[in-house]
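Structure data (CSV, C-alpha atoms) from work.csv:
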chain,number,residue,atom,x,y,z
V,1089,MET,CA,-3.5,1.7,-81.6
V,1090,ASN,CA,-7.1,2.7,-81.0
V,1091,LYS,CA,-8.6,4.0,-77.9
V,1092,MET,CA,-9.9,0.7,-76.7
V,1093,ASP,CA,-6.5,-0.8,-77.0
V,1094,THR,CA,-5.0,1.7,-74.6
V,1095,GLU,CA,-7.6,1.3,-71.9
V,1096,TYR,CA,-6.3,-0.3,-68.8
V,1097,LEU,CA,-7.3,-3.8,-67.9
V,1098,TYR,CA,-6.1,-3.1,-64.4
V,1099,ARG,CA,-4.8,0.0,-62.5
V,1100,GLU,CA,-3.9,0.4,-58.9
V,1101,HIS,CA,-1.9,2.7,-56.6
V,1102,VAL,CA,-0.4,1.0,-53.6
V,1103,SER,CA,1.8,2.1,-50.7
V,1104,SER,CA,5.4,0.8,-50.6
V,1105,THR,CA,5.1,-1.9,-48.0
V,1106,ASN,CA,5.7,-5.6,-48.0
V,1107,GLU,CA,2.0,-6.3,-47.3
V,1108,GLU,CA,0.9,-4.2,-50.2
V,1109,ARG,CA,3.5,-5.8,-52.5
V,1110,VAL,CA,2.2,-9.3,-51.9
V,1111,ARG,CA,-1.4,-8.2,-52.0
V,1112,LEU,CA,-0.9,-6.4,-55.3
V,1113,ILE,CA,0.8,-9.3,-57.0
V,1114,GLU,CA,-2.0,-11.7,-56.1
V,1115,SER,CA,-4.7,-9.2,-57.0
V,1116,VAL,CA,-3.2,-8.7,-60.5
V,1117,LEU,CA,-2.8,-12.4,-61.1
V,1118,ASP,CA,-6.3,-13.2,-59.8
V,1119,PHE,CA,-7.9,-10.4,-61.9
V,1120,LEU,CA,-6.2,-11.6,-65.1
V,1121,GLU,CA,-7.2,-15.2,-64.4
V,1122,SER,CA,-10.8,-14.1,-63.8
V,1123,GLN,CA,-10.7,-12.3,-67.2
V,1124,LYS,CA,-9.3,-15.5,-68.7
V,1125,VAL,CA,-6.1,-13.8,-69.7
V,1126,HIS,CA,-3.6,-16.6,-69.7
V,1127,THR,CA,0.1,-15.9,-70.2
V,1128,LEU,CA,2.6,-18.3,-71.9
V,1129,ILE,CA,4.7,-18.2,-68.7
V,1130,ASP,CA,3.2,-20.0,-65.8
V,1131,ARG,CA,1.7,-18.4,-62.6
V,1132,TYR,CA,4.9,-18.9,-60.6
V,1133,GLU,CA,7.0,-17.2,-63.3
V,1134,PHE,CA,4.5,-14.4,-63.7
V,1135,TYR,CA,4.3,-13.9,-59.9
V,1136,LEU,CA,8.1,-13.7,-59.8
V,1137,ILE,CA,8.5,-11.1,-62.5
V,1138,LEU,CA,5.7,-9.0,-61.0
V,1139,ASP,CA,7.5,-9.3,-57.7
V,1140,GLU,CA,10.8,-8.2,-59.2
V,1141,ALA,CA,9.3,-5.1,-60.8
V,1142,ILE,CA,7.2,-4.1,-57.8
V,1143,SER,CA,10.1,-4.9,-55.3
V,1144,ASN,CA,12.5,-2.8,-57.3
V,1145,ALA,CA,10.0,0.1,-57.4
V,1146,MET,CA,9.4,-0.1,-53.7
V,1147,GLU,CA,13.0,-0.6,-52.7
V,1148,HIS,CA,15.1,1.3,-55.1
V,1149,GLY,CA,12.5,3.9,-56.2
V,1150,ASN,CA,10.6,4.5,-53.0
V,1151,SER,CA,13.0,3.2,-50.3
V,1152,TRP,CA,10.1,1.3,-48.8
V,1153,GLY,CA,8.5,4.6,-47.7
V,1154,SER,CA,4.9,3.7,-46.8
V,1155,ASP,CA,3.9,7.2,-47.9
V,1156,LYS,CA,5.4,6.7,-51.3
V,1157,LYS,CA,3.2,5.1,-54.0
V,1158,VAL,CA,3.7,2.5,-56.7
V,1159,LEU,CA,1.4,2.6,-59.6
V,1160,LEU,CA,0.7,-0.6,-61.5
V,1161,LYS,CA,-1.2,-0.7,-64.8
V,1162,VAL,CA,-2.0,-3.5,-67.2
V,1163,THR,CA,-2.8,-2.9,-70.8
V,1164,LYS,CA,-3.4,-5.2,-73.7
V,1165,PRO,CA,-1.6,-3.4,-76.6
V,1166,GLU,CA,-2.2,-6.3,-79.0
V,1167,SER,CA,-4.0,-9.6,-79.1
V,1168,SER,CA,-0.9,-11.6,-78.4
V,1169,SER,CA,0.5,-9.8,-75.3
V,1170,ILE,CA,-0.3,-7.8,-72.2
V,1171,GLU,CA,1.9,-5.0,-70.9
V,1172,VAL,CA,2.4,-4.5,-67.2
V,1173,ILE,CA,3.7,-1.0,-66.3
V,1174,VAL,CA,5.1,-0.3,-62.8
V,1175,SER,CA,6.1,3.2,-61.8
V,1176,ASP,CA,7.5,4.7,-58.6
V,1177,GLU,CA,8.2,8.1,-57.1
V,1178,GLY,CA,11.9,7.8,-57.3
V,1179,ASN,CA,14.5,9.7,-59.4
V,1180,GLY,CA,14.9,6.7,-61.7
V,1181,PHE,CA,18.0,5.0,-62.8
V,1182,ASP,CA,20.0,4.2,-66.0
V,1183,PRO,CA,19.4,0.5,-66.8
V,1184,GLU,CA,22.7,0.5,-68.6
V,1185,GLU,CA,24.4,0.9,-65.2
V,1186,ILE,CA,23.1,-2.4,-64.0
V,1187,PRO,CA,26.1,-4.8,-64.2
V,1188,ASP,CA,25.8,-7.8,-66.5
V,1189,MET,CA,26.1,-10.3,-63.7
V,1190,MET,CA,26.1,-13.4,-65.9
V,1191,GLY,CA,29.1,-15.2,-67.3
V,1192,ASP,CA,31.2,-14.7,-64.2
V,1193,LYS,CA,31.7,-18.2,-62.8
V,1194,LYS,CA,31.9,-17.1,-59.2
V,1195,ASN,CA,29.6,-14.1,-59.3
V,1196,LEU,CA,29.0,-12.7,-55.8
V,1197,SER,CA,27.4,-9.5,-57.0
V,1198,LEU,CA,24.2,-8.6,-55.1
V,1199,ARG,CA,22.7,-6.6,-57.9
V,1200,GLY,CA,21.2,-7.3,-61.4
V,1201,ARG,CA,19.6,-10.6,-60.8
V,1202,GLY,CA,16.0,-9.2,-60.7
V,1203,ILE,CA,16.3,-7.5,-64.0
V,1204,PHE,CA,18.0,-10.6,-65.5
V,1205,ILE,CA,15.1,-12.8,-64.3
V,1206,MET,CA,12.5,-10.5,-65.8
V,1207,ARG,CA,14.4,-10.4,-69.1
V,1208,LYS,CA,14.3,-14.2,-69.2
V,1209,PHE,CA,10.5,-14.3,-69.1
V,1210,CYS,CA,9.4,-11.2,-70.9
V,1211,SER,CA,10.4,-8.1,-72.8
V,1212,VAL,CA,11.5,-5.3,-70.5
V,1213,GLY,CA,11.7,-1.6,-71.1
V,1214,TRP,CA,11.9,1.7,-69.2
V,1215,ASN,CA,10.8,5.2,-69.6
V,1216,LYS,CA,13.5,7.9,-70.1
V,1217,LYS,CA,13.7,8.8,-66.5
V,1218,GLY,CA,14.0,5.2,-65.4
V,1219,ASN,CA,11.3,5.2,-62.8
V,1220,GLU,CA,8.8,3.3,-64.9
V,1221,ILE,CA,9.3,-0.3,-66.1
V,1222,SER,CA,7.2,-2.0,-68.7
V,1223,LEU,CA,6.9,-5.8,-69.0
V,1224,THR,CA,5.5,-7.2,-72.2
V,1225,ILE,CA,4.2,-10.7,-71.7
V,1226,LYS,CA,3.0,-13.1,-74.3
V,1227,ILE,CA,-0.5,-14.5,-73.8
V,1228,LYS,CA,-2.4,-17.4,-75.2
V,1229,ASN,CA,-5.0,-16.5,-77.8
I,1154,MET,CA,12.8,-18.4,-36.1
I,1155,ALA,CA,14.0,-18.1,-39.7
I,1156,TYR,CA,16.2,-21.2,-39.5
I,1157,GLU,CA,17.7,-24.0,-37.4
I,1158,THR,CA,21.3,-25.1,-37.6
I,1159,LYS,CA,23.2,-28.2,-37.0
I,1160,PHE,CA,27.0,-28.8,-37.0
I,1161,GLU,CA,28.5,-32.2,-37.5
I,1162,GLN,CA,31.9,-33.3,-38.8
I,1163,GLY,CA,32.7,-30.0,-40.5
I,1164,VAL,CA,29.3,-29.7,-42.1
I,1165,PHE,CA,27.1,-26.8,-41.0
I,1166,THR,CA,23.5,-27.4,-42.0
I,1167,VAL,CA,21.0,-24.6,-42.1
I,1168,LEU,CA,17.3,-25.7,-42.2
I,1169,LEU,CA,15.3,-22.9,-43.6
I,1170,GLU,CA,12.0,-22.5,-41.7
I,1171,LYS,CA,10.2,-19.9,-43.8
I,1172,GLU,CA,8.2,-20.8,-46.9
I,1173,ARG,CA,9.1,-17.5,-48.6
I,1174,GLN,CA,12.7,-16.2,-48.9
I,1175,GLU,CA,12.5,-12.5,-49.8
I,1176,GLY,CA,15.7,-11.0,-48.5
I,1177,GLU,CA,14.6,-10.1,-45.0
I,1178,GLN,CA,18.2,-10.5,-43.9
I,1179,ASP,CA,17.2,-12.5,-40.9
I,1180,ILE,CA,19.3,-15.5,-42.0
I,1181,LEU,CA,22.3,-13.3,-42.8
I,1182,ASN,CA,22.1,-11.3,-39.5
I,1183,GLY,CA,21.6,-14.5,-37.5
I,1184,LEU,CA,24.6,-16.2,-39.0
I,1185,ILE,CA,26.8,-13.1,-38.7
I,1186,GLU,CA,26.0,-13.0,-35.0
I,1187,SER,CA,26.6,-16.7,-34.4
I,1188,ASP,CA,29.6,-17.9,-32.5
I,1189,TYR,CA,31.9,-20.1,-34.6
I,1190,SER,CA,34.7,-20.4,-32.1
I,1191,GLY,CA,36.2,-23.8,-32.2
I,1192,MET,CA,34.4,-24.7,-35.4
I,1193,THR,CA,36.1,-25.6,-38.7
I,1194,ILE,CA,33.4,-25.6,-41.3
I,1195,ASP,CA,34.2,-27.3,-44.6
I,1196,LYS,CA,30.7,-27.2,-46.0
I,1197,VAL,CA,27.4,-25.4,-45.5
I,1198,ILE,CA,24.2,-27.1,-46.5
I,1199,PHE,CA,21.1,-25.0,-46.9
I,1200,ASP,CA,18.0,-27.2,-46.6
I,1201,PHE,CA,15.2,-25.7,-48.8
I,1202,ASP,CA,12.6,-28.4,-48.0
I,1203,ARG,CA,10.1,-25.8,-46.6
I,1204,VAL,CA,10.8,-23.1,-49.1
I,1205,ILE,CA,8.2,-22.6,-51.8
I,1206,TYR,CA,9.2,-19.2,-53.1
I,1207,ILE,CA,12.3,-17.0,-53.5
I,1208,ASN,CA,12.9,-13.8,-55.3
I,1209,SER,CA,16.1,-12.0,-56.3
I,1210,LEU,CA,16.2,-10.3,-52.9
I,1211,GLY,CA,16.2,-13.7,-51.3
I,1212,ILE,CA,18.9,-14.9,-53.7
I,1213,ALA,CA,21.0,-11.9,-52.9
I,1214,GLU,CA,20.7,-12.7,-49.2
I,1215,PHE,CA,22.0,-16.2,-49.8
I,1216,ILE,CA,24.9,-14.7,-51.7
I,1217,SER,CA,25.6,-12.4,-48.8
I,1218,VAL,CA,25.5,-15.3,-46.5
I,1219,MET,CA,28.0,-17.2,-48.7
I,1220,LYS,CA,30.3,-14.2,-48.9
I,1221,PHE,CA,30.2,-14.0,-45.2
I,1222,MET,CA,31.0,-17.7,-44.7
I,1223,ILE,CA,33.8,-17.5,-47.2
I,1224,SER,CA,35.3,-14.6,-45.2
I,1225,LYS,CA,35.2,-16.8,-42.1
I,1226,PHE,CA,36.2,-20.2,-43.7
I,1227,GLU,CA,38.2,-19.6,-46.9
I,1228,LYS,CA,37.8,-23.0,-48.7
I,1229,ILE,CA,34.2,-23.6,-47.7
I,1230,LYS,CA,31.8,-25.3,-50.1
I,1231,PHE,CA,28.1,-24.8,-50.4
I,1232,LYS,CA,25.2,-27.1,-51.1
I,1233,PHE,CA,21.4,-26.4,-51.5
I,1234,ILE,CA,19.3,-29.4,-50.9
I,1235,ASN,CA,15.6,-30.3,-51.2
I,1236,VAL,CA,15.1,-27.4,-53.6
I,1237,ASP,CA,11.7,-27.2,-55.3
I,1238,LYS,CA,12.1,-27.7,-59.1
I,1239,LYS,CA,10.6,-24.2,-60.0
I,1240,ILE,CA,13.1,-22.6,-57.6
I,1241,ALA,CA,15.9,-24.7,-58.9
I,1242,LYS,CA,15.1,-23.5,-62.4
I,1243,ILE,CA,15.5,-19.9,-61.2
I,1244,PHE,CA,18.8,-20.8,-59.4
I,1245,LYS,CA,20.1,-22.3,-62.6
I,1246,MET,CA,19.0,-19.3,-64.6
I,1247,VAL,CA,21.0,-16.9,-62.4
I,1248,GLU,CA,23.9,-19.3,-62.4
I,1249,LEU,CA,23.8,-20.0,-58.7
I,1250,GLY,CA,25.1,-23.4,-59.5
I,1251,ASN,CA,28.5,-21.8,-60.0
I,1252,LEU,CA,28.5,-21.1,-56.3
I,1253,ALA,CA,26.7,-24.1,-54.8
I,1254,ASP,CA,25.7,-27.6,-55.6
I,1255,ILE,CA,22.0,-27.7,-56.1
I,1256,ASP,CA,19.9,-30.8,-55.4
I,1257,THR,CA,16.2,-30.8,-56.1
I,1258,LYS,CA,13.4,-32.6,-54.3
What would you get if you wrote out this structure as C-alpha coordinates?
Amino acid sequence: MNKMDTEYLYREHVSSTNEERVRLIESVLDFLESQKVHTLIDRYEFYLILDEAISNAMEHGNSWGSDKKVLLKVTKPESSSIEVIVSDEGNGFDPEEIPDMMGDKKNLSLRGRGIFIMRKFCSVGWNKKGNEISLTIKIKN
Amino acid sequence: MAYETKFEQGVFTVLLEKERQEGEQDILNGLIESDYSGMTIDKVIFDFDRVIYINSLGIAEFISVMKFMISKFEKIKFKFINVDKKIAKIFKMVELGNLADIDTK
(Lines of atoms letter the chains of each structure in order from A and count residues from 1; the text may use other names and numbers.)
(Lines give C-alpha, C1' and ligand atoms only; values in the text may rest on other atoms or scores of the structure.)
Protein backbone atom coordinates (compact mmCIF):
# COMPACT_ATOMS: atom_id res chain seq x y z
CA MET A 1 0.00 0.00 0.00
CA ASN A 2 1.54 3.37 -0.95
CA LYS A 3 1.22 6.66 0.85
CA MET A 4 -1.61 7.92 -1.33
CA ASP A 5 -3.61 4.84 -0.57
CA THR A 6 -3.48 5.44 3.17
CA GLU A 7 -4.59 9.07 3.03
CA TYR A 8 -8.00 9.69 4.49
CA LEU A 9 -10.86 10.56 2.22
CA TYR A 10 -12.68 11.85 5.29
CA ARG A 11 -11.74 12.36 8.93
CA GLU A 12 -13.78 13.89 11.74
CA HIS A 13 -13.91 13.91 15.54
CA VAL A 14 -17.37 14.35 17.05
CA SER A 15 -18.92 14.51 20.52
CA SER A 16 -20.99 11.54 21.65
CA THR A 17 -24.43 13.06 21.25
CA ASN A 18 -27.46 12.06 19.21
CA GLU A 19 -27.31 15.27 17.20
CA GLU A 20 -23.68 14.68 16.27
CA ARG A 21 -24.39 11.04 15.44
CA VAL A 22 -27.01 11.97 12.86
CA ARG A 23 -25.01 14.89 11.49
CA LEU A 24 -21.87 12.77 11.11
CA ILE A 25 -23.66 9.99 9.23
CA GLU A 26 -25.22 12.43 6.77
CA SER A 27 -21.97 14.34 6.40
CA VAL A 28 -20.01 11.18 5.50
CA LEU A 29 -22.64 10.01 3.03
CA ASP A 30 -22.95 13.43 1.39
CA PHE A 31 -19.17 13.75 1.14
CA LEU A 32 -18.73 10.35 -0.52
CA GLU A 33 -21.58 11.10 -2.90
CA SER A 34 -19.95 14.43 -3.81
CA GLN A 35 -16.73 12.52 -4.52
CA LYS A 36 -18.69 10.10 -6.71
CA VAL A 37 -17.82 7.18 -4.46
CA HIS A 38 -20.75 4.83 -4.90
CA THR A 39 -21.06 1.71 -2.76
CA LEU A 40 -22.65 -1.55 -3.85
CA ILE A 41 -25.02 -1.25 -0.91
CA ASP A 42 -27.65 1.47 -1.19
CA ARG A 43 -27.73 4.71 0.81
CA TYR A 44 -30.25 3.33 3.33
CA GLU A 45 -28.07 0.30 4.05
CA PHE A 46 -24.90 2.40 4.20
CA TYR A 47 -26.65 4.85 6.55
CA LEU A 48 -27.70 1.96 8.77
CA ILE A 49 -24.26 0.36 9.13
CA LEU A 50 -22.64 3.76 9.79
CA ASP A 51 -25.32 4.35 12.41
CA GLU A 52 -24.67 0.97 14.04
CA ALA A 53 -20.92 1.57 14.23
CA ILE A 54 -21.24 5.15 15.51
CA SER A 55 -24.08 4.32 17.94
CA ASN A 56 -22.06 1.45 19.41
CA ALA A 57 -19.07 3.73 19.86
CA MET A 58 -21.16 6.48 21.49
CA GLU A 59 -23.25 4.15 23.64
CA HIS A 60 -21.02 1.25 24.66
CA GLY A 61 -17.66 2.99 24.25
CA ASN A 62 -18.37 6.51 25.44
CA SER A 63 -21.61 6.04 27.43
CA TRP A 64 -23.06 9.03 25.53
CA GLY A 65 -20.69 11.35 27.37
CA SER A 66 -20.76 14.59 25.39
CA ASP A 67 -17.15 15.23 26.43
CA LYS A 68 -16.09 11.88 24.94
CA LYS A 69 -15.13 11.85 21.29
CA VAL A 70 -15.73 9.45 18.45
CA LEU A 71 -13.29 9.55 15.55
CA LEU A 72 -14.45 8.50 12.11
CA LYS A 73 -12.05 8.03 9.20
CA VAL A 74 -12.64 6.86 5.67
CA THR A 75 -9.84 5.43 3.56
CA LYS A 76 -9.73 3.81 0.16
CA PRO A 77 -7.31 0.92 0.62
CA GLU A 78 -8.00 -0.49 -2.83
CA SER A 79 -9.92 0.48 -5.94
CA SER A 80 -12.83 -1.81 -5.18
CA SER A 81 -13.58 -0.81 -1.59
CA ILE A 82 -13.55 1.89 1.04
CA GLU A 83 -12.85 1.38 4.72
CA VAL A 84 -14.73 3.25 7.44
CA ILE A 85 -12.94 3.23 10.79
CA VAL A 86 -14.80 4.33 13.92
CA SER A 87 -13.04 4.56 17.26
CA ASP A 88 -14.13 5.63 20.73
CA GLU A 89 -12.53 6.44 24.08
CA GLY A 90 -13.83 3.34 25.84
CA ASN A 91 -12.02 0.30 27.17
CA GLY A 92 -13.01 -1.81 24.20
CA PHE A 93 -14.69 -5.18 24.16
CA ASP A 94 -14.15 -8.71 22.94
CA PRO A 95 -16.27 -9.23 19.80
CA GLU A 96 -16.30 -12.96 20.61
CA GLU A 97 -18.40 -12.16 23.68
CA ILE A 98 -21.28 -10.87 21.57
CA PRO A 99 -23.87 -13.65 21.55
CA ASP A 100 -24.77 -15.22 18.22
CA MET A 101 -28.38 -14.15 18.35
CA MET A 102 -29.50 -15.82 15.15
CA GLY A 103 -31.02 -19.24 14.84
CA ASP A 104 -33.01 -18.99 18.06
CA LYS A 105 -36.61 -19.02 16.88
CA LYS A 106 -37.87 -16.85 19.73
CA ASN A 107 -34.84 -14.70 20.30
CA LEU A 108 -35.58 -11.96 22.82
CA SER A 109 -31.97 -10.97 23.36
CA LEU A 110 -31.37 -7.23 23.25
CA ARG A 111 -27.74 -7.44 22.12
CA GLY A 112 -25.90 -8.45 19.00
CA ARG A 113 -28.24 -7.25 16.28
CA GLY A 114 -26.20 -4.17 15.35
CA ILE A 115 -23.07 -6.20 14.67
CA PHE A 116 -25.12 -8.83 12.88
CA ILE A 117 -26.61 -6.15 10.59
CA MET A 118 -23.19 -4.67 9.84
CA ARG A 119 -21.80 -8.11 8.96
CA LYS A 120 -24.64 -8.64 6.50
CA PHE A 121 -23.65 -5.57 4.47
CA CYS A 122 -19.85 -5.38 4.78
CA SER A 123 -16.70 -6.94 6.23
CA VAL A 124 -16.24 -6.03 9.89
CA GLY A 125 -13.09 -6.06 11.99
CA TRP A 126 -11.80 -4.63 15.25
CA ASN A 127 -8.48 -3.53 16.65
CA LYS A 128 -6.96 -5.62 19.44
CA LYS A 129 -8.37 -3.42 22.22
CA GLY A 130 -11.83 -3.58 20.72
CA ASN A 131 -12.52 0.16 20.72
CA GLU A 132 -12.04 0.63 16.98
CA ILE A 133 -14.22 -0.99 14.35
CA SER A 134 -13.46 -1.08 10.66
CA LEU A 135 -16.08 -1.58 7.98
CA THR A 136 -14.89 -2.56 4.52
CA ILE A 137 -17.50 -1.71 1.92
CA LYS A 138 -17.40 -2.64 -1.74
CA ILE A 139 -17.70 0.23 -4.19
CA LYS A 140 -18.65 0.52 -7.84
CA ASN A 141 -15.68 1.09 -10.14
CA MET B 1 -46.17 11.93 21.69
CA ALA B 2 -44.30 8.84 20.51
CA TYR B 3 -47.42 6.82 19.80
CA GLU B 4 -51.19 6.55 20.05
CA THR B 5 -53.04 3.45 21.20
CA LYS B 6 -56.39 1.88 20.57
CA PHE B 7 -57.95 -1.18 22.25
CA GLU B 8 -60.74 -3.11 20.61
CA GLN B 9 -61.86 -6.72 21.06
CA GLY B 10 -58.62 -7.96 22.53
CA VAL B 11 -56.45 -6.16 20.00
CA PHE B 12 -54.18 -3.41 21.27
CA THR B 13 -52.97 -1.20 18.41
CA VAL B 14 -49.97 1.08 18.76
CA LEU B 15 -49.70 3.73 16.05
CA LEU B 16 -46.10 4.86 15.97
CA GLU B 17 -45.87 8.63 15.53
CA LYS B 18 -42.16 9.19 15.03
CA GLU B 19 -40.45 8.70 11.67
CA ARG B 20 -37.24 7.45 13.26
CA GLN B 21 -37.19 4.62 15.79
CA GLU B 22 -33.79 4.69 17.47
CA GLY B 23 -34.36 3.19 20.88
CA GLU B 24 -35.28 6.30 22.86
CA GLN B 25 -37.30 3.99 25.16
CA ASP B 26 -40.30 6.33 25.09
CA ILE B 27 -42.59 3.64 23.70
CA LEU B 28 -41.35 1.08 26.22
CA ASN B 29 -41.63 3.47 29.17
CA GLY B 30 -45.06 4.67 28.07
CA LEU B 31 -46.43 1.16 27.70
CA ILE B 32 -44.93 0.05 31.03
CA GLU B 33 -46.69 2.95 32.76
CA SER B 34 -50.04 2.28 31.03
CA ASP B 35 -52.98 0.94 33.00
CA TYR B 36 -54.11 -2.43 31.65
CA SER B 37 -56.63 -3.17 34.39
CA GLY B 38 -59.70 -4.90 33.01
CA MET B 39 -58.02 -5.52 29.66
CA THR B 40 -57.35 -8.93 28.16
CA ILE B 41 -55.00 -8.41 25.27
CA ASP B 42 -54.62 -11.23 22.73
CA LYS B 43 -52.73 -9.31 20.09
CA VAL B 44 -50.61 -6.17 19.82
CA ILE B 45 -50.41 -4.47 16.44
CA PHE B 46 -47.64 -1.96 15.85
CA ASP B 47 -48.51 0.34 12.95
CA PHE B 48 -45.28 1.46 11.23
CA ASP B 49 -47.00 3.61 8.62
CA ARG B 50 -45.10 6.77 9.64
CA VAL B 51 -41.77 5.07 10.31
CA ILE B 52 -39.06 5.59 7.71
CA TYR B 53 -36.01 4.43 9.69
CA ILE B 54 -35.12 2.03 12.47
CA ASN B 55 -31.73 0.92 13.79
CA SER B 56 -30.78 -1.94 16.09
CA LEU B 57 -31.44 0.20 19.18
CA GLY B 58 -34.97 0.73 17.88
CA ILE B 59 -35.37 -2.98 17.19
CA ALA B 60 -34.14 -3.75 20.70
CA GLU B 61 -36.76 -1.38 22.11
CA PHE B 62 -39.54 -3.25 20.31
CA ILE B 63 -38.17 -6.52 21.65
CA SER B 64 -38.23 -5.03 25.15
CA VAL B 65 -41.82 -3.96 24.57
CA MET B 66 -42.73 -7.48 23.41
CA LYS B 67 -41.00 -9.01 26.45
CA PHE B 68 -42.96 -6.68 28.71
CA MET B 69 -46.28 -7.48 27.02
CA ILE B 70 -45.56 -11.22 27.22
CA SER B 71 -44.94 -10.78 30.95
CA LYS B 72 -48.40 -9.18 31.27
CA PHE B 73 -50.34 -11.36 28.82
CA GLU B 74 -48.71 -14.75 28.41
CA LYS B 75 -50.15 -15.95 25.10
CA ILE B 76 -50.08 -12.61 23.35
CA LYS B 77 -49.32 -12.36 19.62
CA PHE B 78 -47.62 -9.52 17.78
CA LYS B 79 -48.06 -8.01 14.36
CA PHE B 80 -46.18 -5.20 12.61
CA ILE B 81 -48.21 -3.55 9.86
CA ASN B 82 -47.51 -0.92 7.16
CA VAL B 83 -43.80 -1.62 7.36
CA ASP B 84 -41.63 0.07 4.73
CA LYS B 85 -40.00 -2.55 2.50
CA LYS B 86 -36.44 -1.49 3.41
CA ILE B 87 -37.28 -1.79 7.10
CA ALA B 88 -39.02 -5.13 6.52
CA LYS B 89 -35.80 -6.39 4.89
CA ILE B 90 -33.88 -5.52 8.08
CA PHE B 91 -36.57 -7.12 10.27
CA LYS B 92 -36.34 -10.28 8.18
CA MET B 93 -32.54 -10.20 8.38
CA VAL B 94 -32.59 -10.16 12.19
CA GLU B 95 -35.32 -12.81 12.22
CA LEU B 96 -37.90 -10.57 13.86
CA GLY B 97 -40.46 -12.52 11.89
CA ASN B 98 -40.03 -15.30 14.46
CA LEU B 99 -41.57 -12.97 17.05
CA ALA B 100 -44.13 -11.06 15.04
CA ASP B 101 -46.07 -11.23 11.79
CA ILE B 102 -44.75 -8.55 9.46
CA ASP B 103 -46.90 -6.90 6.80
CA THR B 104 -45.34 -4.42 4.41
CA LYS B 105 -46.93 -1.35 2.83
Exercise answer, chain V residues close to chain I, 12 Å and all atoms listed in the file, as a PyMOL selection string
chain V and resi 1106+1109-1110+1130-1144+1147-1148+1188-1209
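For Ile1229 (chain I), the residues within 9 Å (counting all atoms listed in the file, excluding itself and residues fewer than 3 positions away along the chain) are Ile1194, Asp1195, Lys1196, Val1197, Met1219, Met1222, Ile1223, Lys1225 and Phe1226 of chain I.
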Take the residues just selected and output them with C-alpha atoms as an mmCIF file, in the coordinates of the input.
data_model
loop_
_atom_site.group_PDB
_atom_site.id
_atom_site.type_symbol
_atom_site.label_atom_id
_atom_site.label_comp_id
_atom_site.auth_asym_id
_atom_site.auth_seq_id
_atom_site.Cartn_x
_atom_site.Cartn_y
_atom_site.Cartn_z
ATOM 1 C CA ILE I 1194 33.400 -25.600 -41.300
ATOM 2 C CA ASP I 1195 34.200 -27.300 -44.600
ATOM 3 C CA LYS I 1196 30.700 -27.200 -46.000
ATOM 4 C CA VAL I 1197 27.400 -25.400 -45.500
ATOM 5 C CA MET I 1219 28.000 -17.200 -48.700
ATOM 6 C CA MET I 1222 31.000 -17.700 -44.700
ATOM 7 C CA ILE I 1223 33.800 -17.500 -47.200
ATOM 8 C CA LYS I 1225 35.200 -16.800 -42.100
ATOM 9 C CA PHE I 1226 36.200 -20.200 -43.700
#
At a cut-off of 7 Å, using all atoms listed in the file, what residues contact Ile1170 (chain V)? Leave out same-chain residues fewer than 4 positions from it and give the result as a PyMOL selection string.
chain V and resi 1162-1165+1224-1227
Restricting the calculation to only C-alpha atoms, which member of V:Leu1160, V:Ile1129, V:Ala1145, V:Val1212 is positioned closest to Gly1178 (chain V)?
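Selected residue with least distance to Gly1178 (chain V): V:Ala1145.
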Pairwise distance, CA of Ser1168 (chain V) with CA of Trp1214 (chain V), equals 20.6 Å
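For the pair CA of Asp1188 (chain I) and CA of Lys1159 (chain I), the interatomic distance is 12.9 Å.
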Point-to-point distance from CA of Lys1245 (chain I) to CA of Leu1168 (chain I), Å rounded to tenths:
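Rounded to one decimal, the two atoms are 20.9 Å apart.
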Spatial neighbours of Gln1123 (chain V), 12 Å, only C-alpha atoms, chain gap at least 6 places, as a PDB file with C-alpha atoms, in the coordinates of the input:
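As written to disk, selection_31.pdb reads:
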ATOM      1  CA  LEU V1097      -7.300  -3.800 -67.900  1.00  0.00           C
ATOM      2  CA  TYR V1098      -6.100  -3.100 -64.400  1.00  0.00           C
ATOM      3  CA  VAL V1116      -3.200  -8.700 -60.500  1.00  0.00           C
ATOM      4  CA  LEU V1117      -2.800 -12.400 -61.100  1.00  0.00           C
TER       5      LEU V1117
END
So which residues are close to (18.9, -30.7, -46.6), meaning at most 6 Å away in the file's coordinates with all atoms listed in the file counted, and can you show them as an MDAnalysis selection string?
chainID I and resid 1200 1234:1235
Would you list the residues near (16.2, 8.6, -59.0) (no more than 9 Å away, in the coordinates of the file, using only C-alpha atoms) as a short mmCIF file (atom, residue, chain, number, x, y, z; two decimals) with C-alpha atoms, in the coordinates of the input?
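Okay, selection-v7.cif is ready:
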data_model
loop_
_atom_site.label_atom_id
_atom_site.label_comp_id
_atom_site.auth_asym_id
_atom_site.auth_seq_id
_atom_site.Cartn_x
_atom_site.Cartn_y
_atom_site.Cartn_z
CA HIS V 1148 15.10 1.30 -55.10
CA GLY V 1149 12.50 3.90 -56.20
CA GLU V 1177 8.20 8.10 -57.10
CA GLY V 1178 11.90 7.80 -57.30
CA ASN V 1179 14.50 9.70 -59.40
CA GLY V 1180 14.90 6.70 -61.70
CA PHE V 1181 18.00 5.00 -62.80
CA LYS V 1217 13.70 8.80 -66.50
CA GLY V 1218 14.00 5.20 -65.40
CA ASN V 1219 11.30 5.20 -62.80
#
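Each of V:Lys1161, V:Lys1156, V:His1126, V:Ile1113 was compared to Tyr1096 (chain V) using only C-alpha atoms, and V:Lys1161 turns out to be the nearest.
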